[in-house]
>>> print(open('start.cif').read())   # mmCIF, C-alpha atoms and all ligand atoms
data_upload
#
loop_
_atom_site.label_atom_id
_atom_site.label_comp_id
_atom_site.auth_asym_id
_atom_site.auth_seq_id
_atom_site.Cartn_x
_atom_site.Cartn_y
_atom_site.Cartn_z
CA MET Y 1 -13.63 12.98 -0.62
CA GLU Y 2 -16.43 13.66 1.87
CA GLU Y 3 -15.73 16.85 3.79
CA SER Y 4 -17.60 15.57 6.85
CA LYS Y 5 -15.14 12.73 7.31
CA LYS Y 6 -11.89 13.14 9.23
CA PHE Y 7 -8.54 12.79 7.48
CA LEU Y 8 -6.30 9.84 8.14
CA TYR Y 9 -2.71 9.19 7.12
CA SER Y 10 -0.62 6.06 7.30
CA ALA Y 11 2.28 4.49 5.47
CA VAL Y 12 4.28 1.32 5.33
CA GLN Y 13 7.85 0.72 4.21
CA PRO Y 14 8.44 -1.65 1.29
CA THR Y 15 11.14 -3.51 3.19
CA ASN Y 16 11.13 -7.13 4.30
CA ASN Y 17 8.27 -9.51 3.86
CA LEU Y 18 5.12 -8.78 5.79
CA THR Y 19 3.91 -11.17 8.46
CA ILE Y 20 0.43 -12.10 9.64
CA GLY Y 21 1.12 -9.60 12.45
CA ASN Y 22 1.34 -6.80 9.86
CA TYR Y 23 -1.82 -8.11 8.24
CA ILE Y 24 -3.73 -7.98 11.50
CA GLY Y 25 -2.13 -4.82 12.88
CA ALA Y 26 -2.12 -2.71 9.73
CA ILE Y 27 -3.46 -3.92 6.40
CA ARG Y 28 -6.74 -5.30 7.72
CA ASN Y 29 -7.31 -2.09 9.65
CA TRP Y 30 -6.74 -0.02 6.53
CA THR Y 31 -9.53 -1.87 4.76
CA MET Y 32 -11.87 -0.96 7.62
CA LEU Y 33 -10.66 2.62 8.14
CA GLN Y 34 -11.06 3.52 4.47
CA ASN Y 35 -14.84 3.47 4.98
CA ASP Y 36 -14.85 5.88 7.92
CA TYR Y 37 -12.13 8.38 7.04
CA ASN Y 38 -10.68 10.22 4.08
CA CYS Y 39 -7.55 8.10 3.90
CA TYR Y 40 -4.11 8.70 2.45
CA PHE Y 41 -2.05 5.52 2.41
CA ALA Y 42 1.55 5.65 1.23
CA ILE Y 43 4.26 3.18 0.42
CA ALA Y 44 7.19 4.85 2.16
CA ASN Y 45 10.08 4.12 -0.18
CA MET Y 46 11.89 7.30 0.83
CA HIS Y 47 12.02 6.05 4.40
CA ALA Y 48 13.17 2.66 3.16
CA ILE Y 49 16.46 3.97 1.75
CA THR Y 50 17.64 5.13 5.18
CA VAL Y 51 19.06 1.62 5.39
CA ARG Y 52 20.83 0.23 2.33
CA GLN Y 53 18.51 -1.42 -0.21
CA THR Y 54 19.20 -3.40 -3.36
CA PRO Y 55 17.59 -1.31 -6.13
CA ALA Y 56 15.94 -4.17 -8.01
CA VAL Y 57 14.60 -5.64 -4.79
CA LEU Y 58 13.23 -2.29 -3.62
CA ARG Y 59 11.46 -1.81 -6.94
CA GLN Y 60 9.99 -5.31 -6.86
CA ARG Y 61 8.87 -5.03 -3.23
CA THR Y 62 7.13 -1.75 -3.98
CA LEU Y 63 4.85 -3.35 -6.56
CA SER Y 64 4.45 -6.49 -4.54
CA LEU Y 65 3.32 -4.47 -1.52
CA LEU Y 66 0.91 -2.43 -3.63
CA ALA Y 67 -0.58 -5.63 -5.07
CA LEU Y 68 -0.86 -7.10 -1.59
CA TYR Y 69 -2.76 -4.11 -0.22
CA LEU Y 70 -5.10 -4.18 -3.18
CA ALA Y 71 -5.58 -7.94 -2.81
CA CYS Y 72 -6.46 -7.46 0.85
CA GLY Y 73 -9.20 -5.01 -0.08
CA VAL Y 74 -7.62 -1.56 0.12
CA ASP Y 75 -9.70 0.18 -2.53
CA PRO Y 76 -8.16 2.97 -4.65
CA GLU Y 77 -11.68 4.27 -5.29
CA LYS Y 78 -12.16 4.86 -1.57
CA CYS Y 79 -8.71 6.08 -0.54
CA THR Y 80 -5.61 7.72 -1.97
CA LEU Y 81 -3.00 4.99 -2.33
CA TYR Y 82 0.36 6.21 -3.62
CA LEU Y 83 4.13 5.93 -3.62
CA GLN Y 84 5.91 8.49 -1.43
CA SER Y 85 8.66 9.32 -3.97
CA HIS Y 86 6.00 10.24 -6.56
CA VAL Y 87 5.09 13.32 -4.52
CA PRO Y 88 8.08 15.69 -4.28
CA ALA Y 89 6.31 17.76 -1.60
CA HIS Y 90 7.42 15.20 1.00
CA ALA Y 91 11.09 16.01 0.51
CA GLU Y 92 10.33 19.71 0.19
CA LEU Y 93 8.37 19.99 3.43
CA CYS Y 94 10.90 17.79 5.19
CA TRP Y 95 13.59 20.37 4.40
CA VAL Y 96 11.57 23.19 5.94
CA LEU Y 97 10.65 21.13 9.00
CA ASN Y 98 14.32 20.28 9.50
CA THR Y 99 14.79 23.90 10.49
CA PHE Y 100 12.19 23.44 13.25
CA THR Y 101 13.77 20.29 14.64
CA TYR Y 102 16.72 20.04 17.00
CA VAL Y 103 19.66 17.73 16.49
CA GLY Y 104 19.54 16.77 20.18
CA GLU Y 105 15.96 15.55 20.05
CA MET Y 106 16.64 13.45 16.95
CA GLU Y 107 19.70 11.90 18.61
CA ARG Y 108 17.51 10.84 21.51
CA MET Y 109 14.88 9.02 19.41
CA THR Y 110 14.63 5.36 20.41
CA GLN Y 111 14.41 3.99 16.88
CA PHE Y 112 17.39 6.07 15.73
CA LYS Y 113 19.47 4.69 18.59
CA ASP Y 114 18.36 1.11 17.84
CA LYS Y 115 18.99 1.40 14.12
CA SER Y 116 22.33 3.11 14.66
CA ALA Y 117 23.38 0.17 16.79
CA ARG Y 118 22.21 -2.31 14.15
CA HIS Y 119 23.71 -0.42 11.20
CA ALA Y 120 26.84 1.01 12.81
CA GLU Y 121 28.57 1.06 9.40
CA ASN Y 122 25.91 3.36 7.94
CA ILE Y 123 24.59 5.95 10.39
CA ASN Y 124 23.57 8.37 7.67
CA MET Y 125 21.79 11.72 7.93
CA GLY Y 126 18.64 10.17 6.47
CA LEU Y 127 18.41 7.73 9.34
CA MET Y 128 18.55 10.60 11.79
CA ASP Y 129 16.08 12.62 9.73
CA TYR Y 130 13.60 9.75 9.44
CA PRO Y 131 11.17 11.23 12.01
CA VAL Y 132 11.15 14.61 10.26
CA LEU Y 133 10.29 13.03 6.92
CA MET Y 134 7.54 11.15 8.70
CA ALA Y 135 6.27 14.43 10.21
CA ALA Y 136 6.26 15.91 6.71
CA ASP Y 137 4.22 12.93 5.45
CA ILE Y 138 1.57 13.38 8.08
CA LEU Y 139 1.43 17.19 8.19
CA LEU Y 140 1.19 17.64 4.41
CA TYR Y 141 -2.21 15.96 4.42
CA GLN Y 142 -3.61 17.78 7.47
CA ALA Y 143 -4.29 14.39 9.00
CA ASP Y 144 -6.51 14.18 12.07
CA VAL Y 145 -5.45 10.65 12.90
CA VAL Y 146 -2.48 8.41 12.25
CA PRO Y 147 -3.00 4.69 12.86
CA VAL Y 148 0.32 3.15 13.87
CA GLY Y 149 1.82 0.44 16.00
CA LEU Y 150 3.14 1.32 19.43
CA ASP Y 151 6.71 1.34 18.08
CA GLN Y 152 5.82 4.51 16.15
CA ARG Y 153 4.45 6.41 19.15
CA GLN Y 154 7.53 8.60 19.55
CA HIS Y 155 7.46 9.50 15.86
CA VAL Y 156 3.87 10.70 16.01
CA GLU Y 157 4.69 12.68 19.17
CA ILE Y 158 7.53 14.49 17.43
CA ALA Y 159 5.27 15.23 14.44
CA ARG Y 160 2.85 16.89 16.87
CA ASP Y 161 5.66 18.88 18.49
CA ILE Y 162 6.96 20.09 15.14
CA ALA Y 163 3.45 21.06 14.00
CA GLN Y 164 2.86 23.04 17.17
CA ARG Y 165 6.24 24.73 16.96
CA PHE Y 166 5.56 25.87 13.40
CA ASN Y 167 2.00 26.96 14.21
CA ASN Y 168 3.24 28.98 17.18
CA ALA Y 169 6.05 30.60 15.21
CA TYR Y 170 3.71 31.76 12.41
CA SER Y 171 -0.03 31.07 12.60
CA PRO Y 172 -2.12 27.89 12.50
CA THR Y 173 -0.89 26.01 9.43
CA PHE Y 174 -0.84 22.33 10.31
CA LYS Y 175 -3.45 20.22 11.97
CA VAL Y 176 -1.93 18.61 15.06
CA PRO Y 177 -2.46 14.87 14.48
CA GLU Y 178 -3.49 12.22 16.99
CA ALA Y 179 -2.03 8.73 16.96
CA LEU Y 180 -4.57 5.94 16.73
CA TYR Y 181 -3.29 2.77 18.33
CA MET Y 182 -5.10 -0.21 16.98
CA LYS Y 183 -6.54 -2.49 19.67
CA VAL Y 184 -7.75 -5.76 18.18
CA GLY Y 185 -4.90 -8.07 17.40
CA ALA Y 186 -2.45 -5.19 17.30
CA LYS Y 187 0.07 -7.45 18.91
CA ILE Y 188 0.78 -10.86 17.47
CA ASN Y 189 3.77 -12.55 19.03
CA ASP Y 190 6.55 -14.73 17.75
CA LEU Y 191 5.58 -18.42 17.49
CA GLN Y 192 8.95 -19.54 18.87
CA ASP Y 193 9.32 -16.83 21.51
CA PRO Y 194 5.83 -15.64 22.50
CA ALA Y 195 7.24 -12.98 24.83
CA LYS Y 196 8.40 -11.11 21.73
CA LYS Y 197 6.43 -9.38 18.98
CA MET Y 198 6.34 -11.24 15.65
CA SER Y 199 8.77 -9.31 13.47
CA LYS Y 200 9.37 -8.88 9.76
CA SER Y 201 13.06 -9.39 10.31
CA GLY Y 202 13.04 -11.97 13.12
CA GLU Y 203 16.20 -14.02 13.46
CA ASN Y 204 14.22 -17.24 13.77
CA PRO Y 205 12.21 -17.67 10.55
CA ASN Y 206 10.00 -20.29 12.22
CA GLY Y 207 8.79 -17.64 14.64
CA SER Y 208 7.20 -15.46 11.96
CA VAL Y 209 4.50 -16.44 9.48
CA PHE Y 210 4.90 -14.41 6.30
CA LEU Y 211 2.01 -13.45 4.05
CA SER Y 212 4.00 -14.99 1.20
CA ASP Y 213 4.41 -18.38 2.92
CA ASP Y 214 2.80 -21.32 1.13
CA ARG Y 215 0.28 -23.60 2.76
CA ASP Y 216 2.75 -26.29 3.85
CA THR Y 217 5.11 -23.77 5.36
CA ILE Y 218 2.29 -22.10 7.30
CA ILE Y 219 1.04 -25.39 8.68
CA ARG Y 220 4.54 -26.54 9.59
CA LYS Y 221 5.31 -23.28 11.45
CA PHE Y 222 2.12 -23.54 13.50
CA ARG Y 223 2.75 -27.19 14.23
CA ARG Y 224 6.12 -26.21 15.70
CA ALA Y 225 4.77 -23.25 17.67
CA VAL Y 226 5.89 -23.07 21.29
CA THR Y 227 3.12 -23.71 23.82
CA ASP Y 228 3.64 -24.88 27.39
CA SER Y 229 3.46 -28.04 29.47
CA ASP Y 230 0.11 -27.77 31.25
CA LEU Y 231 -1.86 -28.95 28.18
CA GLU Y 232 -4.86 -26.71 28.77
CA ILE Y 233 -6.23 -24.49 26.01
CA ARG Y 234 -7.37 -21.22 27.56
CA TYR Y 235 -6.73 -17.52 27.03
CA ASP Y 236 -4.32 -16.22 29.64
CA PRO Y 237 -1.52 -14.10 28.15
CA GLU Y 238 0.30 -13.80 31.49
CA THR Y 239 0.85 -17.44 32.28
CA LYS Y 240 0.12 -18.99 28.86
CA PRO Y 241 1.62 -16.60 26.29
CA GLY Y 242 2.10 -19.21 23.54
CA VAL Y 243 -1.40 -20.68 23.68
CA SER Y 244 -2.99 -17.22 24.06
CA ASN Y 245 -1.12 -15.94 21.03
CA LEU Y 246 -2.41 -18.87 18.97
CA LEU Y 247 -5.94 -18.23 20.21
CA SER Y 248 -5.67 -14.56 19.17
CA ILE Y 249 -4.47 -15.55 15.72
CA TYR Y 250 -7.22 -18.14 15.38
CA SER Y 251 -9.79 -15.63 16.51
CA VAL Y 252 -8.81 -13.02 13.92
CA PHE Y 253 -8.54 -15.46 11.04
CA SER Y 254 -11.75 -17.35 11.84
CA GLY Y 255 -13.83 -14.31 12.76
CA LYS Y 256 -14.69 -15.86 16.13
CA THR Y 257 -14.07 -14.26 19.50
CA VAL Y 258 -11.19 -15.48 21.64
CA GLU Y 259 -13.74 -16.95 24.10
CA GLU Y 260 -15.50 -18.88 21.33
CA ALA Y 261 -12.15 -20.13 20.09
CA ALA Y 262 -11.09 -21.27 23.56
CA ALA Y 263 -14.42 -23.06 24.04
CA GLU Y 264 -14.08 -24.78 20.68
CA PHE Y 265 -10.75 -26.32 21.67
CA SER Y 266 -11.27 -26.95 25.36
CA GLY Y 267 -10.45 -30.56 26.13
CA LYS Y 268 -8.61 -31.01 22.83
CA GLY Y 269 -4.88 -31.66 22.52
CA TYR Y 270 -2.27 -29.09 21.50
CA GLY Y 271 -1.54 -31.04 18.29
CA ASP Y 272 -5.09 -30.69 16.94
CA PHE Y 273 -5.28 -27.11 18.13
CA LYS Y 274 -2.08 -26.03 16.37
CA ALA Y 275 -3.10 -27.84 13.18
CA ALA Y 276 -6.46 -26.04 13.21
CA VAL Y 277 -4.81 -22.63 13.62
CA GLY Y 278 -2.49 -23.39 10.70
CA GLU Y 279 -5.42 -24.48 8.51
CA VAL Y 280 -7.50 -21.41 9.17
CA VAL Y 281 -4.58 -19.06 8.44
CA ALA Y 282 -3.62 -20.93 5.26
CA ASP Y 283 -7.26 -20.99 4.05
CA ARG Y 284 -7.62 -17.29 4.61
CA LEU Y 285 -4.33 -16.32 2.91
CA ALA Y 286 -4.73 -18.51 -0.19
CA PRO Y 287 -7.22 -16.26 -2.06
CA ILE Y 288 -5.25 -13.12 -1.09
CA GLN Y 289 -2.03 -14.62 -2.47
CA ALA Y 290 -3.78 -15.67 -5.68
CA GLN Y 291 -5.24 -12.20 -6.17
CA GLN Y 292 -1.85 -10.59 -5.46
CA GLN Y 293 -0.21 -12.71 -8.16
CA LYS Y 294 -2.95 -11.85 -10.61
CA LEU Y 295 -2.50 -8.13 -9.97
CA LEU Y 296 1.29 -8.38 -10.24
CA ALA Y 297 0.84 -9.77 -13.73
CA ASP Y 298 -1.10 -6.61 -14.71
CA LYS Y 299 1.49 -3.84 -14.48
CA PRO Y 300 -0.54 -1.30 -16.47
CA TYR Y 301 -3.29 -1.59 -13.86
CA LEU Y 302 -0.85 -1.14 -10.96
CA ASP Y 303 0.78 1.83 -12.68
CA GLY Y 304 -2.67 3.34 -13.17
CA VAL Y 305 -3.44 3.01 -9.47
CA LEU Y 306 -0.13 4.70 -8.61
CA LYS Y 307 -0.66 7.49 -11.12
CA LYS Y 308 -4.15 8.29 -9.84
CA GLY Y 309 -2.87 8.11 -6.25
CA ALA Y 310 0.08 10.40 -6.95
CA ASP Y 311 -2.17 12.99 -8.61
CA GLY Y 312 -4.61 13.01 -5.69
CA ALA Y 313 -1.85 13.11 -3.09
CA ALA Y 314 0.15 15.84 -4.85
CA TYR Y 315 -2.93 18.03 -5.09
CA ALA Y 316 -3.53 17.92 -1.32
CA ALA Y 317 0.17 18.08 -0.42
CA ASN Y 318 0.92 21.08 -2.62
CA LYS Y 319 -1.86 23.08 -1.02
CA THR Y 320 -0.19 22.71 2.37
CA LEU Y 321 3.32 23.23 1.00
CA SER Y 322 2.33 26.45 -0.70
CA LYS Y 323 0.89 27.82 2.58
CA VAL Y 324 4.14 26.92 4.33
CA TYR Y 325 6.30 28.59 1.68
CA LYS Y 326 4.22 31.73 1.96
CA LYS Y 327 4.48 31.87 5.75
CA ILE Y 328 8.23 31.35 5.88
CA GLY Y 329 8.84 34.07 3.28
CA PHE Y 330 9.72 32.13 0.15
CA TYR Y 331 9.01 34.47 -2.74
CA GLN Y 332 6.42 32.81 -4.96
CA LEU Y 333 5.68 33.43 -8.63
N1 LIG Y 401 7.74 4.71 10.03
C1 LIG Y 401 6.59 3.92 9.72
C2 LIG Y 401 6.88 2.46 10.00
O1 LIG Y 401 8.00 2.04 9.91
C3 LIG Y 401 6.16 4.08 8.28
C4 LIG Y 401 5.73 5.49 8.00
C5 LIG Y 401 6.37 6.39 7.21
C6 LIG Y 401 4.59 6.12 8.52
N2 LIG Y 401 5.69 7.56 7.17
C7 LIG Y 401 4.58 7.44 7.97
C8 LIG Y 401 3.55 5.72 9.38
C9 LIG Y 401 3.59 8.35 8.30
C10 LIG Y 401 2.54 6.64 9.69
C11 LIG Y 401 2.56 7.94 9.16
O2 LIG Y 401 5.98 1.72 10.28
#
>>> encode(input="start.cif", output="structure tokens", more="lines below")
Ligand code: TRP
Amino acid sequence: MEESKKFLYSAVQPTNNLTIGNYIGAIRNWTMLQNDYNCYFAIANMHAITVRQTPAVLRQRTLSLLALYLACGVDPEKCTLYLQSHVPAHAELCWVLNTFTYVGEMERMTQFKDKSARHAENINMGLMDYPVLMAADILLYQADVVPVGLDQRQHVEIARDIAQRFNNAYSPTFKVPEALYMKVGAKINDLQDPAKKMSKSGENPNGSVFLSDDRDTIIRKFRRAVTDSDLEIRYDPETKPGVSNLLSIYSVFSGKTVEEAAAEFSGKGYGDFKAAVGEVVADRLAPIQAQQQKLLADKPYLDGVLKKGADGAAYAANKTLSKVYKKIGFYQL
């Protein structure tokens, strides 16, 4: 841990299968950010249970996600990579922060309203408390920055509000974090409906390319990707959303700029273009998938990573929690 570096916190839920959009928007960024910041990266399994999970599947996805991050180059020697439920301080700080959060503001959160509509049979307290647990995650580690997708903007805002409220009520305790919205390739759209973001839970499975898809599936999905009728390959997200989305994907997976990619395909047909995008994605994912499988076969190694991560995270988290307990008047031994 280099004191001169800023602190960064992010987490991902072990739900659903990740898509190439998640790879570009999150995982790949983590591998870059770990060099410039002191990073805490969590697998947020406590958030995951706010919607009903099958226990065996949740357990399996946790390890599978860990192996994927490692296979992509997230390095446990450079960052603290851990499982949220291994650090009890998250639940403990969440309880305290609940008393600094108003029911009304939680009821107004966009994601809570969306998820309540989608899971009308199970609008549980955890779903409503989701943003407070997320605030606890971030504030425990005194994070300066929180890289997230735009869908998490409101959650980072509320974490800032809660931090400021607590700091004002007592004395400076929490760092007030800044969201870091990732620019490059942060937004990869659905292959079948390019006006929409590619989602982990999309209704049309042909619209999303999953990191677990095999080569043939990847190539087939790109071959079927929606383009348009003017047959010209150029980057213009307004009028050519399908083609532009494919150019963005090609650019990220080939390491070329979007301009270079467009030049490479100018004058070529959509068929060749879509095949080339599929090839480059499949070629890039193959070694990652192989490494992930290799790691999944070595459970003692994965457990070791989680143990080391949990120790490092708990150390930092407990320092903050103990300050909080002191300030609010919890008698300490
Ligand atoms: N809510 C985030 C998501 O769904 C995951 C998450 C949990 C998170 N805790 C966090 C992200 C803390 C950033 C910081 O993507």
>>> atom_distance(input="start.cif", atom1="CA of Thr173 (chain Y)", atom2="CA of Leu333 (chain Y)")
20.6 Å
>>> residues_around(input="start.cif", residues="Ala89 (chain Y)", least_positions_apart="5", cutoff="7 Å", atoms="all atoms listed in the file", output="ChimeraX atom specification")
/Y:317-318,321
>>> residues_near_ligand(input="start.cif", ligand="ligand LIG 401 (chain Y)", cutoff="8 Å", atoms="only C-alpha atoms and all ligand atoms", output="list in words")
Tyr9, Ser10, Ala11, Val12, Gln13, Ala42, Ile43, Ala44, His47, Tyr130, Pro131, Leu133, Met134, Ala135, Asp137, Ile138, Val146, Pro147, Val148, Gly149, Asp151, Gln152, His155 and Val156 of chain Y
>>> write_last_selection(input="start.cif", atoms="C-alpha atoms", output="mmCIF file, keeping the file's coordinate frame")
data_model
loop_
_atom_site.group_PDB
_atom_site.id
_atom_site.type_symbol
_atom_site.label_atom_id
_atom_site.label_comp_id
_atom_site.auth_asym_id
_atom_site.auth_seq_id
_atom_site.Cartn_x
_atom_site.Cartn_y
_atom_site.Cartn_z
ATOM 1 C CA TYR Y 9 -2.710 9.190 7.120
ATOM 2 C CA SER Y 10 -0.620 6.060 7.300
ATOM 3 C CA ALA Y 11 2.280 4.490 5.470
ATOM 4 C CA VAL Y 12 4.280 1.320 5.330
ATOM 5 C CA GLN Y 13 7.850 0.720 4.210
ATOM 6 C CA ALA Y 42 1.550 5.650 1.230
ATOM 7 C CA ILE Y 43 4.260 3.180 0.420
ATOM 8 C CA ALA Y 44 7.190 4.850 2.160
ATOM 9 C CA HIS Y 47 12.020 6.050 4.400
ATOM 10 C CA TYR Y 130 13.600 9.750 9.440
ATOM 11 C CA PRO Y 131 11.170 11.230 12.010
ATOM 12 C CA LEU Y 133 10.290 13.030 6.920
ATOM 13 C CA MET Y 134 7.540 11.150 8.700
ATOM 14 C CA ALA Y 135 6.270 14.430 10.210
ATOM 15 C CA ASP Y 137 4.220 12.930 5.450
ATOM 16 C CA ILE Y 138 1.570 13.380 8.080
ATOM 17 C CA VAL Y 146 -2.480 8.410 12.250
ATOM 18 C CA PRO Y 147 -3.000 4.690 12.860
ATOM 19 C CA VAL Y 148 0.320 3.150 13.870
ATOM 20 C CA GLY Y 149 1.820 0.440 16.000
ATOM 21 C CA ASP Y 151 6.710 1.340 18.080
ATOM 22 C CA GLN Y 152 5.820 4.510 16.150
ATOM 23 C CA HIS Y 155 7.460 9.500 15.860
ATOM 24 C CA VAL Y 156 3.870 10.700 16.010
#
>>> closest_residue(input="start.cif", among="Y:Gly309, Y:Thr257, Y:Ala163, Y:Arg220", to="Pro76 (chain Y)", atoms="all atoms listed in the file")
Y:Gly309
>>> closest_residue(input="start.cif", among="Y:Ser64, Y:Asn124, Y:Gln154, Y:Ser244", to="Leu295 (chain Y)", atoms="only C-alpha atoms")
Y:Ser64
>>> closest_residue(input="start.cif", among="Y:Ile27, Y:Cys39, Y:Ala314, Y:Ala225", to="Glu3 (chain Y)", atoms="only C-alpha atoms")
Y:Cys39
>>> residues_around(input="start.cif", residues="Tyr235 (chain Y)", least_positions_apart="6", cutoff="8 Å", atoms="all atoms listed in the file", output="list in words")
Val243, Ser244, Leu247, Val258, Glu259 and Ala262 of chain Y
>>> atom_distance(input="start.cif", atom1="CA of Leu296 (chain Y)", atom2="CA of Ile49 (chain Y)")
22.9 Å
>>> atom_distance(input="start.cif", atom1="CA of Val305 (chain Y)", atom2="CA of Thr19 (chain Y)")
24.0 Å
>>> closest_residue(input="start.cif", among="Y:Arg108, Y:Asn17, Y:Gly242, Y:Ser229", to="Val57 (chain Y)", atoms="all atoms listed in the file")
Y:Asn17
>>> residues_around(input="start.cif", residues="Val280 (chain Y)", least_positions_apart="5", cutoff="8 Å", atoms="all atoms listed in the file", output="MDAnalysis selection string")
chainID Y and resid 250 253:254
>>> residues_around(input="start.cif", residues="Ala310 (chain Y)", least_positions_apart="2", cutoff="7 Å", atoms="all atoms listed in the file", output="list in words")
Tyr82, Leu83, His86, Val87, Leu306, Lys307, Lys308, Gly312, Ala313 and Ala314 of chain Y
>>> residues_around(input="start.cif", residues="Glu203 (chain Y)", least_positions_apart="4", cutoff="12 Å", atoms="only C-alpha atoms", output="PyMOL selection string")
chain Y and resi 190+192-193+196+198-199+207-208
>>> closest_residue(input="start.cif", among="Y:Lys5, Y:Lys187, Y:Lys268, Y:Lys294", to="Gly25 (chain Y)", atoms="all atoms listed in the file")
Y:Lys187
>>> closest_residue(input="start.cif", among="Y:Gln34, Y:Thr239, Y:Ser171, Y:Gln164", to="Thr101 (chain Y)", atoms="all atoms listed in the file")
Y:Gln164
>>> build_atoms(input="start.cif", residues="region 192-207 of chain Y", atoms="N, CA, C and O atoms", output="CSV table (one decimal), in the frame of the given file")
chain,number,residue,atom,x,y,z
Y,192,GLN,N,7.9,-18.8,18.1
Y,192,GLN,CA,9.0,-19.5,18.9
Y,192,GLN,C,9.3,-18.9,20.2
Y,192,GLN,O,9.8,-19.5,21.1
Y,193,ASP,N,9.0,-17.6,20.3
Y,193,ASP,CA,9.3,-16.8,21.5
Y,193,ASP,C,8.2,-15.9,21.8
Y,193,ASP,O,8.2,-14.7,21.5
Y,194,PRO,N,7.1,-16.4,22.4
Y,194,PRO,CA,5.8,-15.6,22.5
Y,194,PRO,C,5.9,-14.4,23.4
Y,194,PRO,O,5.0,-13.7,23.6
Y,195,ALA,N,7.1,-14.2,24.0
Y,195,ALA,CA,7.2,-13.0,24.8
Y,195,ALA,C,7.6,-11.8,23.9
Y,195,ALA,O,7.5,-10.6,24.3
Y,196,LYS,N,7.9,-12.1,22.7
Y,196,LYS,CA,8.4,-11.1,21.7
Y,196,LYS,C,7.4,-10.9,20.6
Y,196,LYS,O,6.7,-11.8,20.2
Y,197,LYS,N,7.3,-9.7,20.1
Y,197,LYS,CA,6.4,-9.4,19.0
Y,197,LYS,C,6.9,-10.1,17.7
Y,197,LYS,O,8.1,-10.2,17.5
Y,198,MET,N,6.0,-10.6,16.9
Y,198,MET,CA,6.3,-11.2,15.6
Y,198,MET,C,6.9,-10.2,14.7
Y,198,MET,O,6.3,-9.1,14.5
Y,199,SER,N,8.1,-10.4,14.2
Y,199,SER,CA,8.8,-9.3,13.5
Y,199,SER,C,9.0,-9.7,12.0
Y,199,SER,O,9.1,-10.9,11.7
Y,200,LYS,N,9.1,-8.7,11.2
Y,200,LYS,CA,9.4,-8.9,9.8
Y,200,LYS,C,10.8,-9.4,9.5
Y,200,LYS,O,11.1,-10.0,8.5
Y,201,SER,N,11.7,-9.1,10.5
Y,201,SER,CA,13.1,-9.4,10.3
Y,201,SER,C,13.6,-10.3,11.4
Y,201,SER,O,14.8,-10.3,11.7
Y,202,GLY,N,12.7,-11.1,12.0
Y,202,GLY,CA,13.0,-12.0,13.1
Y,202,GLY,C,14.2,-12.9,12.8
Y,202,GLY,O,14.3,-13.3,11.6
Y,203,GLU,N,15.0,-13.2,13.7
Y,203,GLU,CA,16.2,-14.0,13.5
Y,203,GLU,C,15.8,-15.5,13.2
Y,203,GLU,O,16.4,-16.2,12.5
Y,204,ASN,N,14.7,-15.9,13.9
Y,204,ASN,CA,14.2,-17.2,13.8
Y,204,ASN,C,13.0,-17.3,12.8
Y,204,ASN,O,11.9,-16.9,13.1
Y,205,PRO,N,13.3,-17.7,11.6
Y,205,PRO,CA,12.2,-17.7,10.6
Y,205,PRO,C,11.0,-18.5,10.9
Y,205,PRO,O,9.9,-18.3,10.4
Y,206,ASN,N,11.2,-19.5,11.8
Y,206,ASN,CA,10.0,-20.3,12.2
Y,206,ASN,C,9.1,-19.5,13.2
Y,206,ASN,O,8.0,-20.0,13.5
Y,207,GLY,N,9.6,-18.4,13.7
Y,207,GLY,CA,8.8,-17.6,14.6
Y,207,GLY,C,7.8,-16.7,14.0
Y,207,GLY,O,6.8,-16.3,14.6
